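Peer 1: Below you'll find the structure I mean.
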Amino acid sequence: MDEKYTEKVKDHFFNPRNVGEISDADGVGTVGNPTCGDVMTIYLKVKNEIITDIKFKTYGCAAAIATSSITTEIVKGMNIQEAKKLTRDNVAEELGGLPTLKLHCSNLAADALKEAIKDYENKKKE
Amino acid sequence: MKKVYMDYGATTPVDPEVITAMNPYFFEIYGNPSSTHSYGVDAADDIEQSRLKVASLINAKPEEIIFTSGGTEADNLAIKGIAALHENKKNTKGPHIITTEIEHAAVLETCKYLEKTGFDIAYLPVDKYGLIKTEDLKNTISKNTFLLSIIYANNEIGTIQEIEEIGKITESNGILFHTDAVQAVGKIPVDVNKSRIDLLSLSSHKIYGPKGVGGLFVKKGIKIKPLFHGGGHEQGKRSSTLNTPGIIGLGKACELGKKRLVTDSKKMIKQRDTLIKNILGIEESYLNGHPNKRLPNNAHFRFSAVEGESLHMMLDNKQIAVATGSACSSKKLKPSHVLLALGLTPEESHGSLRFTLGRQTEDTEISYVSKELPKIVEHLRKMSPLWKK
């Protein structure tokens with residue numbers, strides 16, 4: 001049982017990719033709760049069903065920040081239908097694993113992404 | 001910059017003088033202090049010298065000091081040892097034991113355990129600075145209350161209770177007064193007589209002594225039931241072959257602590273206040289605990305919109321070691337019970353950091369931390385959806 005952060009988690013925590021907001025985002029998703037110590041927002045730009053740009057803002061522990069960062073890296077350039085399939089487990093695997101305690105509480109990036117995609121699809125219907 | 005250690009509240013390095021004092025007791029004076037041959041007698045004599053030094057630091061008599069394996073054992077021995085003599089109080093109208101919401105786990109968990117066995121425990125609340133109200137204490141005492149256990153100086157936020165005031169109340173009500181003084185001893189003057197303390201826990205590794213040794217002061221005449229049964233060491237209060245090197249180390253640490261108390265605390269108060277002034281320059285940063293009734297070496301902050309484990313890791317990356325009250329760094333994933341007792345929200349508690357200074361802390365380290373921390377807070381806030389500026 002390894003309860004330490006992997007080098008990949010540290011890399012994404014200390015050098016997070018795609019931090020920021022997109023003012024004219026096509027989809028925005030927020031999950032988490034400050035009481036629990038994690039809040040994430042993901043911003044999407046979509047063109048022809050492809051995620052052309054993605055940014056995030058996260059309040060939380062190192063795991064929360066690293067999962068947000070790697071999620072943006074994984075799905076940038078991906079088809080929306082494909083991106084929807086991303087799970088929390090995929091994110092944790094990409095990071096080389098997460099401490100057991102963090103698997104559930106801080107691994108919310110896949111959920112934030114799903115919320116952002118849902119927001120995009122709802123806007124499209126309007 | 002070399003590594004900066006600002007977690008002396010967790011533990012301290014062992015003073016070189018302490019190591020020198022301990023050295024002969026591994027190879028030369030290694031006899032069992034209970035043995036009656038010269039090997040044993042020599043060790044026993046030196047242990048009594050050590051007992052004298054420990055007693056002297058808190059103005060106790062040597063025979064009032066029971067050596068233990070540390071602060072946790074001392075707390076357990078004090079509370080369970082007294083409770084065991086009041087079994088007849090179970091199922092009577094309580095509270096039987098009064099404690100506070102901000103105790104160290106060694107006291108809190110012991111009280112919770114006793115609660116399960118049938119004792120009634122009252123947990124006193126604290127104000128926003130971490131002080132109990134003496135009126136609350138007076139109003140909580142019942143005719144069946146036999147023990148108060150209160151932390152002398154809080155390990156997280158550093159708030160020092162009005163111990164003398166509390167001692168007067170317990171004495172006039174005929175209840176025993178135990179205090180966990182693990183963080184206070186050696187840092188501020190502690191006088192068991194003046195403060196009318198009946199039982200006091202102390203630990204060696206918080207005062208530049210070795211780990212694995214501590215002591216319980218039990219005022220002369222107070223009966224206590226032992227946790228360990230065996231050879232009847234320590235007046236039957238704590239059986240187990242005495243840890244000679246550890247006890248010698250604790251004694252030396254207490255001697256040095258007494259000698260250096262004034263100079264050490266003056267130096268640390270100055271450094272602490274510089275750190276507090278510098279860090280409070282950060283926008284939306286706050287000091288947790290009391291503005292002046294606090295340990296000379298403790299500075300505890302919270303920062304809005306950032307989380308403590310992230311702060312902690314970024315500081316560690318800059319070679320700065322501190323502690324955090326954040327839930328995310330605890331195994332239980334719960335915010336610190338002490339910070340919640342102050343009335344802070346879980347969100348406020350998550351963004352907390354504890355800096356505890358020590359003898360080796362240098363002014364340049366205070367400057368380095370004062371320069372690095374604002375950058376780290378800013379970096380994390382830029383990433384935080386809760387930071388709206």
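Identifiers in the structure tokens: chain A, B, ... in order shown; residue index from 1 per chain; ligand index from 1 in order shown.
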For chain A versus chain B, which residues have an atom no more than 6 Å away, and what is each residue's nearest atom pair and distance in Å rounded to one decimal, using only C-alpha atoms, chain-then-number order, as CSV?
Peer 2:
residue,atom,partner,partner_atom,distance
A:Pro34,CA,B:Glu347,CA,5.5
A:Thr35,CA,B:Glu347,CA,4.9
A:Lys57,CA,B:Met383,CA,5.0
A:Thr58,CA,B:Ser384,CA,4.9
A:Tyr59,CA,B:Ser384,CA,4.6
A:Gly60,CA,B:Glu307,CA,5.2
A:Cys61,CA,B:Ser310,CA,4.9
A:Ala62,CA,B:Ser310,CA,5.3
Peer 1: Among region 12-119 of chain A, which residues carry a DSSP assignment of alpha helix (DSSP H), reported as a count of residues only?
Peer 2: 46
Peer 1: Can you pull out every residue from chain A that DSSP, working from the backbone, puts in strand (DSSP E), and format the result as a ChimeraX atom specification?
Peer 2: /A:27-33,38-47,50-59
Peer 1: Those residues you just picked out, can you put them in a file as a short mmCIF file (atom, residue, chain, number, x, y, z; two decimals), in the first residue's frame with C-alpha atoms?
Peer 2:
data_model
loop_
_atom_site.label_atom_id
_atom_site.label_comp_id
_atom_site.auth_asym_id
_atom_site.auth_seq_id
_atom_site.Cartn_x
_atom_site.Cartn_y
_atom_site.Cartn_z
CA GLY A 27 -19.27 24.59 -21.26
CA VAL A 28 -18.47 25.12 -17.58
CA GLY A 29 -18.67 22.53 -14.82
CA THR A 30 -18.08 22.93 -11.08
CA VAL A 31 -18.03 20.15 -8.49
CA GLY A 32 -16.96 19.83 -4.87
CA ASN A 33 -17.59 21.75 -1.72
CA ASP A 38 -12.07 20.57 -2.71
CA VAL A 39 -13.72 22.70 -5.40
CA MET A 40 -12.98 22.39 -9.12
CA THR A 41 -14.20 24.28 -12.13
CA ILE A 42 -13.50 23.15 -15.68
CA TYR A 43 -13.98 25.43 -18.72
CA LEU A 44 -14.36 23.99 -22.24
CA LYS A 45 -14.06 25.38 -25.74
CA VAL A 46 -15.60 23.01 -28.31
CA LYS A 47 -15.43 23.09 -32.11
CA ILE A 50 -13.70 18.40 -30.44
CA ILE A 51 -12.39 19.95 -27.20
CA THR A 52 -10.13 22.63 -28.65
CA ASP A 53 -9.30 24.33 -25.36
CA ILE A 54 -9.72 23.48 -21.69
CA LYS A 55 -8.81 25.32 -18.49
CA PHE A 56 -9.31 24.62 -14.81
CA LYS A 57 -9.38 26.30 -11.43
CA THR A 58 -9.06 24.18 -8.31
CA TYR A 59 -9.12 24.78 -4.58
#
Peer 1: Name all residues at most 9 Å from region 180-190 of chain B (count only C-alpha atoms; drop same-chain ones fewer than 4 positions away) and give them as a PyMOL selection string.
Peer 2: chain B and resi 9+57-59+71+74-75+103-104+107+149-155+158+160+194-195+199-204+206-207+214+253-254+256-258+260-262+264-265+295-297
Peer 1: May I have the residues from that selection written out with N, CA and C atoms, as a short mmCIF file (atom, residue, chain, number, x, y, z; two decimals), in the first residue's frame?
Peer 2:
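To be explicit, this is the file written out as out-v6.cif:
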data_model
loop_
_atom_site.label_atom_id
_atom_site.label_comp_id
_atom_site.auth_asym_id
_atom_site.auth_seq_id
_atom_site.Cartn_x
_atom_site.Cartn_y
_atom_site.Cartn_z
N GLY B 9 7.03 22.02 17.49
CA GLY B 9 5.89 21.56 18.28
C GLY B 9 5.64 20.07 18.08
N LEU B 57 12.33 21.67 37.50
CA LEU B 57 11.81 22.51 36.41
C LEU B 57 10.35 22.93 36.66
N ILE B 58 9.60 22.11 37.40
CA ILE B 58 8.18 22.45 37.62
C ILE B 58 7.89 22.73 39.10
N ASN B 59 8.95 22.90 39.88
CA ASN B 59 8.84 23.17 41.32
C ASN B 59 8.09 22.07 42.08
N GLY B 71 4.41 11.50 26.86
CA GLY B 71 3.25 12.29 27.24
C GLY B 71 1.95 11.50 27.18
N ALA B 74 1.64 9.31 30.15
CA ALA B 74 1.41 10.13 31.35
C ALA B 74 -0.06 10.56 31.44
N ASP B 75 -0.62 10.99 30.30
CA ASP B 75 -2.03 11.39 30.27
C ASP B 75 -2.94 10.21 30.61
N GLU B 103 -8.47 19.40 23.75
CA GLU B 103 -7.39 18.58 24.28
C GLU B 103 -6.63 17.86 23.17
N HIS B 104 -5.41 17.49 23.49
CA HIS B 104 -4.62 16.59 22.64
C HIS B 104 -5.33 15.24 22.62
N VAL B 107 -5.54 12.90 25.69
CA VAL B 107 -6.53 13.15 26.75
C VAL B 107 -7.94 12.92 26.21
N SER B 149 -9.27 17.77 33.65
CA SER B 149 -8.05 17.63 32.85
C SER B 149 -8.09 18.69 31.76
N ILE B 150 -7.10 19.57 31.79
CA ILE B 150 -7.08 20.66 30.81
C ILE B 150 -5.68 20.86 30.28
N ILE B 151 -5.58 21.13 28.99
CA ILE B 151 -4.27 21.30 28.36
C ILE B 151 -3.69 22.66 28.78
N TYR B 152 -2.46 22.65 29.28
CA TYR B 152 -1.82 23.87 29.80
C TYR B 152 -1.66 24.89 28.67
N ALA B 153 -1.00 24.46 27.61
CA ALA B 153 -0.84 25.30 26.41
C ALA B 153 -1.17 24.41 25.22
N ASN B 154 -2.06 24.88 24.38
CA ASN B 154 -2.56 24.02 23.31
C ASN B 154 -1.48 23.71 22.27
N ASN B 155 -1.43 22.45 21.86
CA ASN B 155 -0.38 22.02 20.92
C ASN B 155 -0.56 22.58 19.52
N GLY B 158 -1.39 27.07 20.40
CA GLY B 158 -0.46 27.66 21.37
C GLY B 158 -1.07 28.48 22.49
N ILE B 160 -2.39 29.63 25.93
CA ILE B 160 -2.07 29.24 27.30
C ILE B 160 -3.28 29.54 28.19
N LYS B 194 2.39 26.74 42.95
CA LYS B 194 1.73 28.02 42.78
C LYS B 194 0.39 27.85 42.06
N SER B 195 0.35 26.95 41.10
CA SER B 195 -0.87 26.77 40.30
C SER B 195 -1.78 25.68 40.87
N LEU B 199 -1.78 16.81 39.11
CA LEU B 199 -1.13 15.87 38.19
C LEU B 199 -0.73 16.63 36.94
N LEU B 200 0.48 16.35 36.45
CA LEU B 200 0.96 17.08 35.28
C LEU B 200 1.76 16.15 34.37
N SER B 201 1.42 16.15 33.08
CA SER B 201 2.13 15.30 32.11
C SER B 201 3.18 16.11 31.39
N LEU B 202 4.35 15.51 31.19
CA LEU B 202 5.40 16.17 30.41
C LEU B 202 6.10 15.15 29.53
N SER B 203 6.79 15.65 28.52
CA SER B 203 7.43 14.77 27.54
C SER B 203 8.84 15.27 27.23
N SER B 204 9.72 14.35 26.97
CA SER B 204 11.13 14.68 26.74
C SER B 204 11.41 15.21 25.34
N LYS B 206 9.86 16.97 23.30
CA LYS B 206 9.44 18.32 22.92
C LYS B 206 10.41 19.36 23.49
N ILE B 207 11.32 18.91 24.35
CA ILE B 207 12.25 19.85 24.99
C ILE B 207 13.72 19.44 24.77
N GLY B 214 9.03 10.28 29.24
CA GLY B 214 8.28 11.44 29.73
C GLY B 214 8.05 11.26 31.21
N ALA B 253 17.73 17.44 29.71
CA ALA B 253 16.91 18.36 28.92
C ALA B 253 16.18 19.34 29.84
N CYS B 254 15.70 18.85 30.99
CA CYS B 254 15.00 19.72 31.95
C CYS B 254 15.97 20.72 32.58
N LEU B 256 18.73 21.89 31.22
CA LEU B 256 19.03 22.91 30.20
C LEU B 256 17.82 23.81 29.99
N GLY B 257 16.65 23.21 30.00
CA GLY B 257 15.42 23.96 29.79
C GLY B 257 15.26 25.04 30.85
N LYS B 258 15.56 24.67 32.08
CA LYS B 258 15.42 25.63 33.18
C LYS B 258 16.44 26.76 33.03
N ARG B 260 17.89 27.79 30.34
CA ARG B 260 17.76 28.59 29.13
C ARG B 260 16.39 29.20 28.93
N LEU B 261 15.48 28.92 29.85
CA LEU B 261 14.08 29.31 29.65
C LEU B 261 13.92 30.79 29.28
N VAL B 262 14.54 31.66 30.04
CA VAL B 262 14.34 33.10 29.81
C VAL B 262 14.96 33.54 28.48
N ASP B 264 15.83 31.66 25.86
CA ASP B 264 15.16 30.99 24.74
C ASP B 264 13.83 31.66 24.42
N SER B 265 13.04 31.92 25.47
CA SER B 265 11.70 32.44 25.19
C SER B 265 11.78 33.87 24.67
N LEU B 295 2.11 30.41 23.36
CA LEU B 295 3.46 29.89 23.54
C LEU B 295 4.46 30.77 22.79
N PRO B 296 5.65 30.97 23.37
CA PRO B 296 6.64 31.85 22.74
C PRO B 296 7.03 31.40 21.33
N ASN B 297 6.84 30.10 21.05
CA ASN B 297 7.35 29.59 19.76
C ASN B 297 6.26 29.27 18.76
#
Peer 1: Near Arg17 (chain A), within 10 Å and counting only C-alpha atoms, which residues show up once chain neighbours fewer than 6 positions away are dropped, as a list in words?
Peer 2: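 My reading of the contact set: Asp11, Ile54, Lys55, Phe56, Ile65, Ala66, Ser68, Ser69, Ile70, Thr71, Thr72 and Glu73 of chain A.
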Peer 1: Find, counting only C-alpha atoms, the residue in B:Gln49, B:Ser367, B:Thr68, B:Thr36 that gets nearest to Asn278 (chain B).
Peer 2: B:Ser367
Peer 1: Skip region 233-248 of chain B itself and residues of its chain fewer than 6 positions away, then list as a PyMOL selection string all residues within 6 Å of it, counting only C-alpha atoms.
Peer 2: chain B and resi 22+25+50+66+213+226
